[in-house]
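Student: What follows is the file protein.cif, containing mmCIF, C-alpha atoms:
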```cif
data_run
loop_
_atom_site.group_PDB
_atom_site.id
_atom_site.type_symbol
_atom_site.label_atom_id
_atom_site.label_comp_id
_atom_site.auth_asym_id
_atom_site.auth_seq_id
_atom_site.Cartn_x
_atom_site.Cartn_y
_atom_site.Cartn_z
ATOM 1 C CA LEU A 88 135.196 -43.631 234.838
ATOM 2 C CA ILE A 89 135.617 -45.117 231.380
ATOM 3 C CA LEU A 90 132.346 -46.014 229.688
ATOM 4 C CA THR A 91 132.767 -48.613 226.954
ATOM 5 C CA HIS A 92 130.496 -50.413 224.538
ATOM 6 C CA HIS A 93 132.608 -53.516 224.052
ATOM 7 C CA PRO A 94 133.723 -55.211 227.271
ATOM 8 C CA LEU A 95 137.385 -55.163 228.211
ATOM 9 C CA ILE A 96 137.145 -58.816 229.261
ATOM 10 C CA PHE A 97 135.461 -60.734 226.443
ATOM 11 C CA ASN A 98 136.740 -64.228 227.207
ATOM 12 C CA PRO A 99 137.457 -65.479 230.759
ATOM 13 C CA LEU A 100 140.977 -64.594 231.889
ATOM 14 C CA LYS A 101 143.305 -67.282 233.205
ATOM 15 C CA SER A 102 145.972 -64.845 234.311
ATOM 16 C CA LEU A 103 146.905 -61.177 234.584
ATOM 17 C CA ARG A 104 150.496 -61.476 233.490
ATOM 18 C CA HIS A 105 152.677 -58.500 232.698
ATOM 19 C CA GLY A 106 152.897 -57.865 228.982
ATOM 20 C CA GLU A 107 149.358 -58.952 228.159
ATOM 21 C CA ALA A 108 147.267 -56.085 226.779
ATOM 22 C CA VAL A 109 144.103 -56.664 228.823
ATOM 23 C CA ALA A 110 146.090 -57.313 231.995
ATOM 24 C CA GLN A 111 147.989 -54.055 231.502
ATOM 25 C CA ILE A 112 144.764 -52.054 231.138
ATOM 26 C CA ILE A 113 143.307 -53.664 234.270
ATOM 27 C CA HIS A 114 146.510 -52.904 236.181
ATOM 28 C CA LEU A 115 146.450 -49.242 235.135
ATOM 29 C CA ALA A 116 142.757 -48.920 236.009
ATOM 30 C CA PHE A 117 143.382 -50.289 239.508
ATOM 31 C CA LEU A 118 146.495 -48.165 239.937
ATOM 32 C CA HIS A 119 144.680 -44.934 239.073
ATOM 33 C CA ASN A 120 141.305 -45.793 240.662
ATOM 34 C CA ILE A 121 139.522 -45.746 237.309
ATOM 35 C CA GLY A 122 136.265 -47.641 236.971
ATOM 36 C CA ILE A 123 135.354 -49.333 233.684
ATOM 37 C CA TYR A 124 131.647 -49.647 232.921
ATOM 38 C CA THR A 125 130.468 -51.576 229.870
ATOM 39 C CA ALA A 126 127.068 -51.062 228.274
ATOM 40 C CA HIS A 127 126.586 -53.495 225.422
ATOM 41 C CA THR A 128 123.712 -55.981 225.522
ATOM 42 C CA ASN A 129 121.759 -53.664 227.821
ATOM 43 C CA PHE A 130 122.462 -50.681 225.534
ATOM 44 C CA ASP A 131 121.456 -52.776 222.522
ATOM 45 C CA GLN A 132 117.950 -53.262 223.899
ATOM 46 C CA VAL A 133 116.838 -49.872 225.202
ATOM 47 C CA ASP A 134 115.185 -46.867 223.623
ATOM 48 C CA GLY A 135 117.986 -44.635 222.371
ATOM 49 C CA GLY A 136 120.355 -47.600 222.193
ATOM 50 C CA THR A 137 122.179 -49.255 219.319
ATOM 51 C CA ALA A 138 119.215 -50.635 217.376
ATOM 52 C CA ALA A 139 116.937 -47.681 218.082
ATOM 53 C CA VAL A 140 119.508 -45.245 216.692
ATOM 54 C CA LEU A 141 119.891 -47.360 213.548
ATOM 55 C CA ALA A 142 116.131 -47.340 213.039
ATOM 56 C CA ASP A 143 116.125 -43.568 213.461
ATOM 57 C CA LEU A 144 118.965 -43.059 210.987
ATOM 58 C CA LEU A 145 117.119 -45.128 208.387
ATOM 59 C CA HIS A 146 113.932 -43.094 209.005
ATOM 60 C CA LEU A 147 111.884 -46.132 209.980
ATOM 61 C CA LYS A 148 108.376 -45.541 211.292
ATOM 62 C CA GLN A 149 106.080 -47.602 213.521
ATOM 63 C CA VAL A 150 109.235 -49.023 215.119
ATOM 64 C CA ILE A 151 109.035 -51.899 217.611
ATOM 65 C CA PRO A 152 111.646 -54.289 219.073
ATOM 66 C CA LEU A 153 112.490 -57.178 216.772
ATOM 67 C CA VAL A 154 112.930 -59.602 219.678
ATOM 68 C CA PRO A 155 111.169 -58.161 222.756
ATOM 69 C CA THR A 156 112.797 -58.736 226.153
ATOM 70 C CA GLY A 157 110.562 -56.465 228.236
ATOM 71 C CA GLU A 158 108.200 -53.538 227.985
ATOM 72 C CA GLY A 159 109.560 -51.297 225.232
ATOM 73 C CA ARG A 160 112.877 -53.172 225.227
ATOM 74 C CA GLY A 161 114.380 -55.807 223.011
ATOM 75 C CA TYR A 162 117.076 -56.796 220.563
ATOM 76 C CA GLY A 163 116.916 -55.117 217.181
ATOM 77 C CA ARG A 164 114.167 -52.943 215.773
ATOM 78 C CA ILE A 165 111.730 -53.374 212.901
ATOM 79 C CA GLY A 166 109.707 -50.695 211.174
ATOM 80 C CA ILE A 167 108.482 -49.431 207.840
ATOM 81 C CA LEU A 168 109.711 -46.976 205.255
ATOM 82 C CA ASP A 169 107.041 -44.439 204.345
ATOM 83 C CA PRO A 170 107.250 -43.729 201.504
ATOM 84 C CA VAL A 171 108.698 -46.992 200.247
ATOM 85 C CA LEU A 172 112.157 -46.882 198.680
ATOM 86 C CA PRO A 173 113.829 -48.842 195.896
ATOM 87 C CA LEU A 174 116.535 -51.075 197.363
ATOM 88 C CA GLN A 175 119.188 -49.050 195.525
ATOM 89 C CA ALA A 176 118.071 -45.849 197.263
ATOM 90 C CA LEU A 177 117.998 -47.586 200.653
ATOM 91 C CA LEU A 178 121.508 -48.974 200.172
ATOM 92 C CA THR A 179 122.759 -45.548 199.132
ATOM 93 C CA HIS A 180 121.214 -44.015 202.252
ATOM 94 C CA ILE A 181 122.813 -46.696 204.460
ATOM 95 C CA CYS A 182 126.202 -45.843 202.970
ATOM 96 C CA GLN A 183 125.620 -42.141 203.615
ATOM 97 C CA VAL A 184 124.611 -42.446 207.275
ATOM 98 C CA LEU A 185 126.826 -45.355 208.389
ATOM 99 C CA SER A 186 129.871 -44.851 206.122
ATOM 100 C CA PRO A 187 130.852 -48.530 205.968
ATOM 101 C CA PRO A 188 134.056 -49.282 204.028
ATOM 102 C CA ASP A 189 132.024 -51.826 202.082
ATOM 103 C CA LEU A 190 128.389 -52.890 202.000
ATOM 104 C CA ILE A 191 127.722 -56.604 201.519
ATOM 105 C CA VAL A 192 124.290 -57.539 200.186
ATOM 106 C CA SER A 193 122.426 -60.793 199.546
ATOM 107 C CA PRO A 194 123.181 -62.376 196.165
ATOM 108 C CA LEU A 195 120.805 -61.694 193.283
ATOM 109 C CA ALA A 196 119.113 -58.850 195.151
ATOM 110 C CA ASP A 197 117.009 -56.754 192.777
ATOM 111 C CA THR A 198 118.052 -53.157 193.412
ATOM 112 C CA THR A 199 114.851 -51.866 191.783
ATOM 113 C CA GLU A 200 112.643 -53.732 194.286
ATOM 114 C CA LEU A 201 110.503 -51.422 196.411
ATOM 115 C CA ILE A 202 111.238 -51.887 200.109
ATOM 116 C CA GLN A 203 108.848 -51.117 202.943
ATOM 117 C CA LYS A 204 109.603 -53.288 205.987
ATOM 118 C CA VAL A 205 113.143 -53.146 207.391
ATOM 119 C CA ALA A 206 114.737 -54.795 210.435
ATOM 120 C CA VAL A 207 117.987 -53.590 212.013
ATOM 121 C CA LEU A 208 120.364 -54.880 214.682
ATOM 122 C CA GLY A 209 123.774 -53.332 215.286
ATOM 123 C CA GLY A 210 126.846 -55.522 215.549
ATOM 124 C CA SER A 211 126.837 -59.287 215.069
ATOM 125 C CA GLY A 212 123.130 -59.824 214.525
ATOM 126 C CA ALA A 213 122.948 -62.521 211.870
ATOM 127 C CA SER A 214 121.785 -65.056 214.470
ATOM 128 C CA PHE A 215 118.534 -63.062 214.685
ATOM 129 C CA MET A 216 117.834 -63.488 210.964
ATOM 130 C CA ASP A 217 115.000 -65.962 211.627
ATOM 131 C CA ALA A 218 113.310 -63.345 213.807
ATOM 132 C CA ALA A 219 113.564 -60.831 210.960
ATOM 133 C CA LEU A 220 112.028 -63.379 208.596
ATOM 134 C CA SER A 221 109.226 -64.216 211.016
ATOM 135 C CA ALA A 222 108.457 -60.516 211.462
ATOM 136 C CA GLY A 223 108.045 -60.096 207.715
ATOM 137 C CA ALA A 224 111.111 -57.954 207.090
ATOM 138 C CA GLU A 225 112.109 -57.491 203.475
ATOM 139 C CA VAL A 226 115.563 -56.161 204.395
ATOM 140 C CA TYR A 227 117.668 -56.927 207.468
ATOM 141 C CA VAL A 228 120.583 -54.583 208.239
ATOM 142 C CA THR A 229 123.198 -55.966 210.631
ATOM 143 C CA ALA A 230 126.877 -57.031 210.590
ATOM 144 C CA ASP A 231 129.371 -59.900 210.658
ATOM 145 C CA CYS A 232 127.273 -62.148 208.396
ATOM 146 C CA LYS A 233 128.710 -65.452 207.198
ATOM 147 C CA PHE A 234 128.578 -66.934 203.702
ATOM 148 C CA HIS A 235 125.926 -69.498 204.598
ATOM 149 C CA GLN A 236 123.783 -66.850 206.276
ATOM 150 C CA PHE A 237 123.703 -64.917 203.026
ATOM 151 C CA GLN A 238 122.726 -68.142 201.289
ATOM 152 C CA ALA A 239 119.948 -68.725 203.822
ATOM 153 C CA SER A 240 118.709 -65.158 203.408
ATOM 154 C CA ARG A 241 118.395 -65.700 199.670
ATOM 155 C CA ASP A 242 116.472 -68.925 200.228
ATOM 156 C CA GLY A 243 114.171 -67.100 202.667
ATOM 157 C CA ASN A 244 113.612 -64.188 200.277
ATOM 158 C CA LEU A 245 115.180 -61.780 202.779
ATOM 159 C CA ILE A 246 117.692 -59.181 201.638
ATOM 160 C CA LEU A 247 120.554 -59.342 204.137
ATOM 161 C CA VAL A 248 122.743 -56.238 204.375
ATOM 162 C CA ASP A 249 126.067 -56.382 206.222
ATOM 163 C CA ALA A 250 126.994 -52.782 207.005
ATOM 164 C CA GLY A 251 129.918 -53.650 209.272
ATOM 165 C CA HIS A 252 130.224 -54.100 213.032
ATOM 166 C CA TYR A 253 131.809 -50.705 213.572
ATOM 167 C CA GLY A 254 129.455 -48.882 211.224
ATOM 168 C CA THR A 255 126.298 -50.219 212.847
ATOM 169 C CA GLU A 256 127.369 -49.561 216.455
ATOM 170 C CA ARG A 257 129.356 -46.309 216.329
ATOM 171 C CA PRO A 258 126.356 -43.984 215.699
ATOM 172 C CA ALA A 259 124.656 -44.984 218.964
ATOM 173 C CA CYS A 260 127.886 -44.371 220.878
ATOM 174 C CA GLU A 261 128.059 -40.883 219.373
ATOM 175 C CA ARG A 262 124.460 -40.220 220.421
ATOM 176 C CA LEU A 263 125.223 -41.447 223.953
ATOM 177 C CA VAL A 264 128.112 -39.001 224.271
ATOM 178 C CA GLU A 265 125.822 -36.139 223.242
ATOM 179 C CA ARG A 266 123.204 -37.192 225.799
ATOM 180 C CA LEU A 267 125.819 -37.318 228.560
ATOM 181 C CA LYS A 268 127.069 -33.862 227.594
ATOM 182 C CA GLU A 269 123.508 -32.571 227.932
ATOM 183 C CA LEU A 270 123.680 -33.663 231.582
ATOM 184 C CA GLY A 271 126.440 -31.125 232.114
ATOM 185 C CA LEU A 272 129.391 -33.514 232.190
ATOM 186 C CA PRO A 273 132.111 -31.479 230.422
ATOM 187 C CA TRP A 274 134.654 -34.300 230.591
ATOM 188 C CA VAL A 275 132.601 -36.575 228.356
ATOM 189 C CA LYS A 276 134.109 -37.195 224.954
ATOM 190 C CA LEU A 277 134.232 -39.960 222.393
ATOM 191 C CA SER A 278 137.634 -41.527 221.910
ATOM 192 C CA VAL A 279 139.206 -40.250 218.716
ATOM 193 C CA ARG A 280 141.414 -43.332 218.712
ATOM 194 C CA ASP A 281 138.475 -45.667 218.298
ATOM 195 C CA GLU A 282 138.656 -47.477 215.002
ATOM 196 C CA ASP A 283 137.336 -50.228 212.815
ATOM 197 C CA PHE A 284 139.801 -53.046 213.457
ATOM 198 C CA ARG A 285 139.493 -54.291 209.882
ATOM 199 C CA GLN A 286 141.071 -52.730 206.834
ATOM 200 C CA PHE A 287 139.739 -53.272 203.332
ATOM 201 C CA PHE A 288 142.202 -53.539 200.465
ATOM 202 C CA HIS A 289 141.087 -52.661 196.945
ATOM 203 C CA SER A 290 143.461 -53.518 194.108
#
```
Write out the structure in this file as structure tokens.
Tutor:
Amino acid sequence: LILTHHPLIFNPLKSLRHGEAVAQIIHLAFLHNIGIYTAHTNFDQVDGGTAAVLADLLHLKQVIPLVPTGEGRGYGRIGILDPVLPLQALLTHICQVLSPPDLIVSPLADTTELIQKVAVLGGSGASFMDAALSAGAEVYVTADCKFHQFQASRDGNLILVDAGHYGTERPACERLVERLKELGLPWVKLSVRDEDFRQFFHS
């Protein structure tokens, strides 16, 4: 069994022709009787999942789902920092625990501002920015944010922090591996070939 976070089939397939990467993986899985199980949107919502791990890494307290989908479940998490932190200290901590190649922050953000209420959502979570605003978040940590979303965050007085898709999802995958090992499954390991598919060039 291969347990993945991102699904092998993201867009509907029209064929399984030889030479296509996804088709080749499917062929090999069938050939060797290997199941492929994907936990993404379900893993995003649960306790111990993507957003919950982010909230834990940022030391948020009084944490609740940002967008509830059921009892104790939901997309994203929102909580408070106690004690409050200057934005600069929070950004530094994010860099330390998530190790993003770059951190992108809302324009004109005052790094001396004291931050208390923080929302998080791993992966492409900019579409939930309105929920973060409605919940009273001062900072929203997510990934894959577009130019106009940063503009909207400025207009809404929300500090948007793009910590990278890989950086915001990888920690929960690492935690999941540890939990599976605790069940006595010695074959469980995290792929060392996993990678951030973007490279950042600095001149």
Student: Between A:His252, A:Arg160, A:Lys268, A:Lys204, which is the closest to Ala219 in chain A once you count all atoms listed in the file?
Tutor: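 That would be A:Lys204, the residue with the smallest distance to Ala219 in chain A.
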Student: Would you mind reading off the distance between CA of Gly209 in chain A and CA of Leu270 in chain A, one decimal, in Å?
Tutor: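 Separation between CA of Gly209 in chain A and CA of Leu270 in chain A: 25.5 Å.
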Student: Since I can't run it myself right now, could you work out what the PyMOL selection byres ((chain A and resi 129-131) around 8) selects here and report it as a PyMOL selection string?
Tutor: chain A and resi 126-128+132-133+136-138+161-163+209
Student: Contacts of Arg164 in chain A at 7 Å or less, counting all atoms listed in the file, minus same-chain residues fewer than 6 places along, as a list in words?
Tutor: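 The residues satisfying every condition are Ala138, Ala139, Ala142, Val150, Ile151, Pro152, Leu153, Ala206, Val207 and Leu208 of chain A.
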Student: Residues picked by the PyMOL selection byres ((chain A and resi 88-98) around 8) here, as a PyMOL selection string?
Tutor: chain A and resi 99-100+109+121-127+260
Student: Enclose range 172-187 of chain A, meaning all of its atoms listed in the file, in a box aligned along x, y and z, pad it by 8 Å on each side, and list the centre and edge lengths in Å to one decimal, as JSON.
Tutor:
```
{"center_x": 121.5, "center_y": -46.6, "center_z": 202.0, "size_x": 34.7, "size_y": 24.9, "size_z": 28.9}
```
Student: Can you work out which one of A:Ile202, A:Leu195, A:Ala250, A:Ile167 has the shortest atom-to-atom distance to Gln238 in chain A, counting all atoms listed in the file?
Tutor: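 For Gln238 in chain A, the nearest of the candidates is A:Leu195.
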Student: List the residues selected by the PyMOL selection byres ((chain A and resi 210) around 8) in the file shown, writing them as a list in words.
Tutor: Leu208, Gly209, Ser211, Gly212, Thr229, Ala230, Asp231, Gly251, His252, Tyr253, Thr255 and Glu256 of chain A
Student: Determine the nearest neighbour of Arg241 in chain A from the options A:Pro258, A:Gly106, A:Pro194, A:Gly223, counting only C-alpha atoms.
Tutor: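 Closest residue, counting only C-alpha atoms: A:Pro194.
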Student: Can you work out the spacing between CA of Ala110 in chain A and CA of Leu272 in chain A in Å, to one decimal?
Tutor: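 The value is 29.1 Å.
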Student: Could you build a table of the residues in range 117-176 of chain A lying no more than 10 Å from range 183-187 of chain A, giving for each the nearest pair of atoms and their separation in Å rounded to one decimal place, using only C-alpha atoms, ordered by chain and ascending residue number, as a Markdown table?
Tutor:
```
| residue | atom | partner | partner_atom | distance |
| --- | --- | --- | --- | --- |
| A:Leu141 | CA | A:Leu185 | CA | 8.9 |
| A:Leu144 | CA | A:Val184 | CA | 6.8 |
| A:Leu145 | CA | A:Val184 | CA | 8.0 |
```
